[in-house]
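Trainee: Before I ask anything, let me first share the structure, which is written out below as C-alpha cells.
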Amino acid sequence: MTSAFRIAALGAMIIMPGSCNANVPNKPVAKPAITAPKPAPKPVAAPLSIGAFKLNRAPIQGSISLGTVPPGTKRLVVSGQDVSFAPDGRFVVGFGRDHDATSVITAFLDDGRVVTERLAVPKRAWKIENLKTVRRFGQPDAEFQARRPGELAQINAARRTEVTSDGWRQRLIWPAKGRISGLFGSQRIYAGEPGAPHSGVDVAGPIGAPVVSPADGVVTLAATTPFTLEGYLLIIDHGMGLDSTFLHLSKIHVKVGDMVRQGQLVAAIGNTGRTSGPHLHWGMKWNQERIDPQPLAGPMGL
Ligand SMILES: [Zn+2]
C-alpha cells in the first residue's frame, strides 16, 4: 500500500456519515499546512516549571494547561491578554488550533517585579483532506438569513457571561461514549480552497442517548428551539474562560443559569441542525481559542 493510499484509507475510516458540518463562526480561517493525519497526541502529564510559573502539562496547539502563578502575583497577562487566576494562584491557559509557535506569559508582582517567560507551543498535524471538487455553497434561504443574526447574538451573549465554577480544575470525562466520527481540527480543502476546520470532536450515537456534563459548570445557553446550523445547542461554562458546547441535541434537560455537576445528565444525542447523522458534537473554548476536548478527556474506555 502506498503511503498516499494509506492516508486516503485512513481518511475514509475517520470521515463517515455522522460528521457534522456546523461550525460556530470564529476568527478567519488560516491557510493550513498539508499534512498526514495523526492520532490526537496524549497530553504530557508531568508537571513542569517554566521560570517561576508551573504548568500541569506542556503547551501544544489545541490544548489547555493548568498553571500556577508566582507568589505575589497581582496581574497575569498571556500574549497581551489579561487572564484571571484563582486565589490559590491557579489559572487556565489555552492554545488554539493555529496558535503561534510561542506564547508570552507575564506576571506583575505586588513588589513591582515583572516576571516574563516564553512558552513553546508545538504544532500539531491536523487531518487534512484534499478534494478536487469545488465547494458548492447553497443559496442561504430567507428563513436562514432572518434567523441567523439572532442565533449568533445568543451565542455571543452566552460566551460573554461570567460564571463562577471550579469545573476547570477537574479532569474531564466524556459526555457520551461511542465511535469517534469526527476529529477536532480536521479540514477539507476544496480545489485549493480551505473549508473551516472542524471545531470539536464528534461522537456517533443513537438519538436519545444520554449526554452528561464533562465537568462542573453553569449553563449559559440552552436553546429552546433548534438553531439553523447547531440544532438544539447547549453551552456549559466551567469557569476561568473554559466552556463546552454541545450541538445537534434531541433534548436538553437543563436551563440557563443551572449549576451542573460533572457526570450529571444534561441532554440527549440528536440529529438536529446541519448534520448528516445522529451524533454529539462537543466543542470547547478557552476565551477565543478553540480547544480539542479529546486528549483532555483521555481514552474513552468503551
Ligand atoms: Zn462536529
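Each chain in the C-alpha cells gets a letter, A, B, ..., in the order shown, and its residues are numbered from 1; ligands are numbered from 1 in order too.
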Please identify all protein, DNA and RNA residues within 12 Å of ligand 1, counting only C-alpha atoms and all ligand atoms, and report them as a ChimeraX atom specification.

Mentor: /A:15-24,180-187,196-204,229-231,245-249,271,273-284,292-293

Trainee: Neighbours of Pro149 (chain A) within 12 Å (only C-alpha atoms; same-chain residues fewer than 6 positions away dropped), as a compact mmCIF listing (two decimals) with all heavy atoms, in the first residue's frame?

Mentor:
# COMPACT_ATOMS: atom_id res chain seq x y z
N PRO A 25 -19.30 30.16 14.13
CA PRO A 25 -18.31 31.03 13.48
C PRO A 25 -17.23 31.51 14.43
O PRO A 25 -17.48 31.72 15.59
CB PRO A 25 -19.17 32.21 13.01
CG PRO A 25 -20.55 31.67 12.91
CD PRO A 25 -20.66 30.63 13.97
N GLU A 143 -35.30 32.26 5.35
CA GLU A 143 -35.51 31.95 6.76
C GLU A 143 -34.18 31.95 7.51
O GLU A 143 -34.06 32.49 8.60
CB GLU A 143 -36.19 30.59 6.89
CG GLU A 143 -36.64 30.33 8.33
CD GLU A 143 -36.97 28.87 8.62
OE1 GLU A 143 -37.05 28.07 7.66
OE2 GLU A 143 -37.11 28.55 9.81
N ILE A 155 -25.45 33.22 21.00
CA ILE A 155 -24.18 32.52 21.26
C ILE A 155 -23.16 33.49 21.84
O ILE A 155 -22.48 33.19 22.83
CB ILE A 155 -23.65 31.88 19.96
CG1 ILE A 155 -24.58 30.73 19.52
CG2 ILE A 155 -22.23 31.36 20.14
CD1 ILE A 155 -24.31 30.20 18.11
N ASN A 156 -23.06 34.68 21.24
CA ASN A 156 -22.08 35.66 21.72
C ASN A 156 -22.40 36.13 23.14
O ASN A 156 -21.51 36.30 23.97
CB ASN A 156 -22.00 36.85 20.76
CG ASN A 156 -21.37 36.45 19.43
OD1 ASN A 156 -20.58 35.51 19.37
ND2 ASN A 156 -21.74 37.13 18.36
N PHE A 227 -31.40 25.70 16.52
CA PHE A 227 -30.70 26.69 15.71
C PHE A 227 -30.52 26.14 14.30
O PHE A 227 -30.49 24.92 14.11
CB PHE A 227 -29.33 27.01 16.32
CG PHE A 227 -29.37 27.96 17.50
CD1 PHE A 227 -30.45 27.99 18.36
CD2 PHE A 227 -28.30 28.82 17.76
CE1 PHE A 227 -30.48 28.84 19.45
CE2 PHE A 227 -28.32 29.68 18.84
CZ PHE A 227 -29.41 29.69 19.69
N THR A 228 -30.36 27.04 13.32
CA THR A 228 -30.31 26.61 11.93
C THR A 228 -29.16 25.62 11.66
O THR A 228 -29.36 24.62 11.00
CB THR A 228 -30.15 27.82 10.99
OG1 THR A 228 -29.11 28.64 11.49
CG2 THR A 228 -31.44 28.61 10.91

Trainee: Can you pull out every residue from region 20-260 of chain A that DSSP, working from the backbone, puts in alpha helix (DSSP H), and format the result as a ChimeraX atom specification?

Mentor: /A:142-160

Trainee: Taking a cut-off of 12 Å and counting only C-alpha atoms, can you build a table that, for each residue of region 213-285 of chain A near region 89-92 of chain A, reports the nearest atom pair and how far apart they are in Å (one decimal), sorted by chain then residue number, as a Markdown table?

Mentor:
| residue | atom | partner | partner_atom | distance |
| --- | --- | --- | --- | --- |
| A:His238 | CA | A:Val92 | CA | 10.9 |
| A:Gly239 | CA | A:Val92 | CA | 9.3 |
| A:Met240 | CA | A:Val92 | CA | 6.5 |
| A:Gly241 | CA | A:Val92 | CA | 7.9 |
| A:Leu242 | CA | A:Val92 | CA | 7.9 |
| A:Asp243 | CA | A:Val92 | CA | 11.7 |
| A:Lys285 | CA | A:Val92 | CA | 11.3 |

Trainee: Kindly export the residues of the current selection with all heavy atoms, as an mmCIF file, in the first residue's frame.

Mentor:
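Result file follows (selection-v1.cif):
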data_model
loop_
_atom_site.group_PDB
_atom_site.id
_atom_site.type_symbol
_atom_site.label_atom_id
_atom_site.label_comp_id
_atom_site.auth_asym_id
_atom_site.auth_seq_id
_atom_site.Cartn_x
_atom_site.Cartn_y
_atom_site.Cartn_z
ATOM 1 N N HIS A 238 -17.332 26.272 32.388
ATOM 2 C CA HIS A 238 -16.633 25.605 33.502
ATOM 3 C C HIS A 238 -15.806 26.587 34.331
ATOM 4 O O HIS A 238 -15.054 26.166 35.210
ATOM 5 C CB HIS A 238 -15.728 24.495 32.962
ATOM 6 C CG HIS A 238 -16.441 23.515 32.079
ATOM 7 N ND1 HIS A 238 -17.480 22.726 32.518
ATOM 8 C CD2 HIS A 238 -16.273 23.211 30.766
ATOM 9 C CE1 HIS A 238 -17.920 21.964 31.513
ATOM 10 N NE2 HIS A 238 -17.202 22.248 30.441
ATOM 11 N N GLY A 239 -15.911 27.886 34.036
ATOM 12 C CA GLY A 239 -15.149 28.885 34.781
ATOM 13 C C GLY A 239 -13.795 29.154 34.147
ATOM 14 O O GLY A 239 -13.301 28.381 33.312
ATOM 15 N N MET A 240 -13.197 30.298 34.492
ATOM 16 C CA MET A 240 -11.865 30.691 34.006
ATOM 17 C C MET A 240 -11.791 30.733 32.480
ATOM 18 O O MET A 240 -10.746 30.455 31.883
ATOM 19 C CB MET A 240 -10.770 29.751 34.539
ATOM 20 C CG MET A 240 -10.515 29.902 36.005
ATOM 21 S SD MET A 240 -9.695 31.466 36.397
ATOM 22 C CE MET A 240 -9.753 31.393 38.182
ATOM 23 N N GLY A 241 -12.944 31.060 31.845
ATOM 24 C CA GLY A 241 -12.953 31.214 30.390
ATOM 25 C C GLY A 241 -13.058 29.922 29.612
ATOM 26 O O GLY A 241 -12.980 29.931 28.385
ATOM 27 N N LEU A 242 -13.259 28.793 30.307
ATOM 28 C CA LEU A 242 -13.313 27.478 29.639
ATOM 29 C C LEU A 242 -14.762 27.025 29.534
ATOM 30 O O LEU A 242 -15.472 26.966 30.541
ATOM 31 C CB LEU A 242 -12.507 26.473 30.467
ATOM 32 C CG LEU A 242 -12.282 25.105 29.843
ATOM 33 C CD1 LEU A 242 -11.363 25.196 28.621
ATOM 34 C CD2 LEU A 242 -11.689 24.142 30.880
ATOM 35 N N ASP A 243 -15.226 26.736 28.312
ATOM 36 C CA ASP A 243 -16.600 26.237 28.182
ATOM 37 C C ASP A 243 -16.691 25.081 27.204
ATOM 38 O O ASP A 243 -15.796 24.832 26.396
ATOM 39 C CB ASP A 243 -17.589 27.362 27.829
ATOM 40 C CG ASP A 243 -17.365 27.984 26.464
ATOM 41 O OD1 ASP A 243 -16.978 27.263 25.523
ATOM 42 O OD2 ASP A 243 -17.586 29.204 26.330
ATOM 43 N N LYS A 285 -13.921 25.840 24.247
ATOM 44 C CA LYS A 285 -13.170 27.068 24.018
ATOM 45 C C LYS A 285 -12.550 27.523 25.322
ATOM 46 O O LYS A 285 -13.155 27.359 26.401
ATOM 47 C CB LYS A 285 -14.112 28.176 23.523
ATOM 48 C CG LYS A 285 -14.248 28.259 22.019
ATOM 49 C CD LYS A 285 -15.096 29.447 21.633
ATOM 50 C CE LYS A 285 -14.624 30.052 20.336
ATOM 51 N NZ LYS A 285 -15.388 31.267 20.003
#

Trainee: Could you tell me how far CA of Val93 (chain A) sits from CA of Ile236 (chain A), in Å to one decimal place?

Mentor: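 Computed distance, CA of Ile236 (chain A) to CA of Val93 (chain A), equals 18.1 Å.
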
Trainee: Counting only C-alpha atoms, figure out which residue out of A:Gly257, A:Gly298, A:Gly263, A:Gly195 gets nearest to Ala215 (chain A).

Mentor: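 For Ala215 (chain A), the nearest of the candidates is A:Gly263.
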
Trainee: What's the 10 Å shell around Ser79 (chain A), counting only C-alpha atoms, without same-chain residues fewer than 5 positions away, as a list in words?

Mentor: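 Result of the neighbour search: Thr102, Ser103, Val104, Ile105, Thr106 and Arg118 of chain A.
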
Trainee: Grab the CA of Pro295 (chain A) to CA of Ser63 (chain A) distance for me, in Å with one decimal place.

Mentor: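 Value for the CA of Pro295 (chain A)-CA of Ser63 (chain A) distance: 8.0 Å.
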
Trainee: Got a sec: who's within 6 Å of region 188-192 of chain A, counting only C-alpha atoms, leaving out chain neighbours fewer than 2 positions off, as a ChimeraX atom specification?

Mentor: /A:128-135,194-195

Trainee: Residues as selected, all heavy atoms, written as a PDB file, in the first residue's frame, can you do that?

Mentor:
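part09.pdb was written with the following content:
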ATOM      1  N   ILE A 128      -5.988  16.597   7.177  1.00  0.00           N
ATOM      2  CA  ILE A 128      -6.376  17.451   6.057  1.00  0.00           C
ATOM      3  C   ILE A 128      -6.778  16.564   4.888  1.00  0.00           C
ATOM      4  O   ILE A 128      -6.042  15.651   4.521  1.00  0.00           O
ATOM      5  CB  ILE A 128      -5.185  18.349   5.618  1.00  0.00           C
ATOM      6  CG1 ILE A 128      -4.614  19.139   6.796  1.00  0.00           C
ATOM      7  CG2 ILE A 128      -5.597  19.265   4.473  1.00  0.00           C
ATOM      8  CD1 ILE A 128      -5.522  20.174   7.371  1.00  0.00           C
ATOM      9  N   GLU A 129      -7.919  16.828   4.321  1.00  0.00           N
ATOM     10  CA  GLU A 129      -8.385  16.087   3.132  1.00  0.00           C
ATOM     11  C   GLU A 129      -8.381  17.029   1.943  1.00  0.00           C
ATOM     12  O   GLU A 129      -9.057  18.069   1.981  1.00  0.00           O
ATOM     13  CB  GLU A 129      -9.824  15.638   3.320  1.00  0.00           C
ATOM     14  CG  GLU A 129     -10.003  14.362   4.092  1.00  0.00           C
ATOM     15  CD  GLU A 129     -11.471  13.988   4.092  1.00  0.00           C
ATOM     16  OE1 GLU A 129     -12.259  14.736   4.682  1.00  0.00           O
ATOM     17  OE2 GLU A 129     -11.814  12.978   3.481  1.00  0.00           O
ATOM     18  N   ASN A 130      -7.640  16.675   0.924  1.00  0.00           N
ATOM     19  CA  ASN A 130      -7.630  17.475  -0.308  1.00  0.00           C
ATOM     20  C   ASN A 130      -8.627  16.898  -1.292  1.00  0.00           C
ATOM     21  O   ASN A 130      -8.496  15.751  -1.708  1.00  0.00           O
ATOM     22  CB  ASN A 130      -6.231  17.475  -0.914  1.00  0.00           C
ATOM     23  CG  ASN A 130      -5.343  18.477  -0.211  1.00  0.00           C
ATOM     24  OD1 ASN A 130      -5.525  19.678  -0.373  1.00  0.00           O
ATOM     25  ND2 ASN A 130      -4.424  17.987   0.603  1.00  0.00           N
ATOM     26  N   LEU A 131      -9.620  17.695  -1.652  1.00  0.00           N
ATOM     27  CA  LEU A 131     -10.630  17.250  -2.605  1.00  0.00           C
ATOM     28  C   LEU A 131     -10.448  18.027  -3.908  1.00  0.00           C
ATOM     29  O   LEU A 131     -10.072  19.204  -3.888  1.00  0.00           O
ATOM     30  CB  LEU A 131     -12.033  17.487  -2.048  1.00  0.00           C
ATOM     31  CG  LEU A 131     -12.301  16.892  -0.658  1.00  0.00           C
ATOM     32  CD1 LEU A 131     -13.696  17.266  -0.184  1.00  0.00           C
ATOM     33  CD2 LEU A 131     -12.134  15.391  -0.664  1.00  0.00           C
ATOM     34  N   LYS A 132     -10.719  17.349  -5.003  1.00  0.00           N
ATOM     35  CA  LYS A 132     -10.583  18.032  -6.304  1.00  0.00           C
ATOM     36  C   LYS A 132     -11.811  18.882  -6.606  1.00  0.00           C
ATOM     37  O   LYS A 132     -11.775  19.784  -7.424  1.00  0.00           O
ATOM     38  CB  LYS A 132     -10.390  16.991  -7.411  1.00  0.00           C
ATOM     39  CG  LYS A 132      -9.034  16.283  -7.331  1.00  0.00           C
ATOM     40  CD  LYS A 132      -8.688  15.631  -8.667  1.00  0.00           C
ATOM     41  CE  LYS A 132      -7.281  15.057  -8.665  1.00  0.00           C
ATOM     42  NZ  LYS A 132      -7.194  13.795  -7.927  1.00  0.00           N
ATOM     43  N   THR A 133     -12.904  18.573  -5.929  1.00  0.00           N
ATOM     44  CA  THR A 133     -14.158  19.265  -6.252  1.00  0.00           C
ATOM     45  C   THR A 133     -14.179  20.683  -5.682  1.00  0.00           C
ATOM     46  O   THR A 133     -13.589  20.955  -4.634  1.00  0.00           O
ATOM     47  CB  THR A 133     -15.354  18.495  -5.672  1.00  0.00           C
ATOM     48  OG1 THR A 133     -15.074  18.254  -4.290  1.00  0.00           O
ATOM     49  CG2 THR A 133     -15.567  17.186  -6.381  1.00  0.00           C
ATOM     50  N   VAL A 134     -14.850  21.548  -6.383  1.00  0.00           N
ATOM     51  CA  VAL A 134     -15.044  22.922  -5.907  1.00  0.00           C
ATOM     52  C   VAL A 134     -16.198  22.901  -4.912  1.00  0.00           C
ATOM     53  O   VAL A 134     -17.171  22.173  -5.098  1.00  0.00           O
ATOM     54  CB  VAL A 134     -15.362  23.863  -7.092  1.00  0.00           C
ATOM     55  CG1 VAL A 134     -15.695  25.268  -6.604  1.00  0.00           C
ATOM     56  CG2 VAL A 134     -14.193  23.887  -8.054  1.00  0.00           C
ATOM     57  N   ARG A 135     -16.054  23.670  -3.875  1.00  0.00           N
ATOM     58  CA  ARG A 135     -17.097  23.702  -2.859  1.00  0.00           C
ATOM     59  C   ARG A 135     -18.332  24.414  -3.408  1.00  0.00           C
ATOM     60  O   ARG A 135     -18.231  25.476  -4.023  1.00  0.00           O
ATOM     61  CB  ARG A 135     -16.582  24.455  -1.636  1.00  0.00           C
ATOM     62  CG  ARG A 135     -17.489  24.301  -0.456  1.00  0.00           C
ATOM     63  CD  ARG A 135     -16.867  24.909   0.757  1.00  0.00           C
ATOM     64  NE  ARG A 135     -17.479  24.351   1.954  1.00  0.00           N
ATOM     65  CZ  ARG A 135     -17.245  24.787   3.175  1.00  0.00           C
ATOM     66  NH1 ARG A 135     -16.403  25.772   3.353  1.00  0.00           N
ATOM     67  NH2 ARG A 135     -17.830  24.241   4.202  1.00  0.00           N
ATOM     68  N   PRO A 194      -9.542  26.268   1.352  1.00  0.00           N
ATOM     69  CA  PRO A 194      -9.780  25.569   2.618  1.00  0.00           C
ATOM     70  C   PRO A 194     -11.169  25.846   3.201  1.00  0.00           C
ATOM     71  O   PRO A 194     -11.618  26.991   3.238  1.00  0.00           O
ATOM     72  CB  PRO A 194      -8.693  26.118   3.545  1.00  0.00           C
ATOM     73  CG  PRO A 194      -8.193  27.356   2.903  1.00  0.00           C
ATOM     74  CD  PRO A 194      -8.553  27.340   1.453  1.00  0.00           C
ATOM     75  N   GLY A 195     -11.823  24.786   3.650  1.00  0.00           N
ATOM     76  CA  GLY A 195     -13.053  24.941   4.424  1.00  0.00           C
ATOM     77  C   GLY A 195     -12.701  25.219   5.875  1.00  0.00           C
ATOM     78  O   GLY A 195     -11.535  25.158   6.264  1.00  0.00           O
TER      79      GLY A 195
END

Trainee: Tell me, as a list in words, which residues lie within 6 Å of Gly62 (chain A), counting only C-alpha atoms; anything in the same chain fewer than 6 positions away does not count.

Mentor: Phe95, Gly96, Arg97, Ile291 and Asp292 of chain A

Trainee: Please dump the current selection as a compact mmCIF listing (two decimals), in the first residue's frame; keep all heavy atoms.

Mentor:
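Ended up saving to out-v9.txt:
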# COMPACT_ATOMS: atom_id res chain seq x y z
N PHE A 95 -4.37 27.15 24.06
CA PHE A 95 -3.63 27.40 22.82
C PHE A 95 -4.48 26.84 21.68
O PHE A 95 -4.75 25.64 21.62
CB PHE A 95 -2.26 26.70 22.87
CG PHE A 95 -1.52 26.98 24.16
CD1 PHE A 95 -1.58 26.09 25.22
CD2 PHE A 95 -0.83 28.17 24.33
CE1 PHE A 95 -0.94 26.35 26.42
CE2 PHE A 95 -0.18 28.44 25.52
CZ PHE A 95 -0.23 27.53 26.57
N GLY A 96 -4.95 27.73 20.80
CA GLY A 96 -5.87 27.33 19.73
C GLY A 96 -5.21 26.46 18.68
O GLY A 96 -4.00 26.22 18.69
N ARG A 97 -6.04 25.98 17.75
CA ARG A 97 -5.59 25.07 16.69
C ARG A 97 -4.41 25.62 15.90
O ARG A 97 -3.50 24.88 15.52
CB ARG A 97 -6.75 24.80 15.75
CG ARG A 97 -6.41 23.93 14.55
CD ARG A 97 -7.58 23.94 13.59
NE ARG A 97 -7.42 23.01 12.47
CZ ARG A 97 -6.78 23.32 11.33
NH1 ARG A 97 -6.20 24.50 11.18
NH2 ARG A 97 -6.72 22.43 10.35
N ILE A 291 -10.39 24.61 21.52
CA ILE A 291 -9.63 23.57 22.21
C ILE A 291 -10.18 22.20 21.82
O ILE A 291 -11.39 22.03 21.67
CB ILE A 291 -9.77 23.76 23.74
CG1 ILE A 291 -9.31 25.18 24.16
CG2 ILE A 291 -9.03 22.69 24.51
CD1 ILE A 291 -7.89 25.53 23.78
N ASP A 292 -9.29 21.23 21.69
CA ASP A 292 -9.68 19.85 21.36
C ASP A 292 -10.01 19.11 22.65
O ASP A 292 -9.12 18.87 23.47
CB ASP A 292 -8.50 19.17 20.65
CG ASP A 292 -8.81 17.75 20.23
OD1 ASP A 292 -9.95 17.30 20.44
OD2 ASP A 292 -7.90 17.10 19.67

Trainee: Considering only C-alpha atoms, return as a ChimeraX atom specification whatever protein or nucleic-acid residues lie within 9 Å of Leu265 (chain A), sequence-local ones (same chain, fewer than 5 positions apart) excluded.

Mentor: /A:175,210-213,253-254,260

Trainee: For those residues, write C-alpha atoms to a file as a CSV table (one decimal), in the first residue's frame.

Mentor:
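Output file selection-v9.csv is given in full below:
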chain,number,residue,atom,x,y,z
A,175,PRO,CA,-20.1,13.4,27.8
A,210,PRO,CA,-27.6,10.4,27.3
A,211,VAL,CA,-25.2,13.4,27.3
A,212,VAL,CA,-23.6,14.2,30.7
A,213,SER,CA,-21.6,17.2,31.7
A,253,HIS,CA,-32.7,18.7,30.3
A,254,VAL,CA,-31.3,21.9,31.9
A,260,VAL,CA,-24.5,21.3,36.8
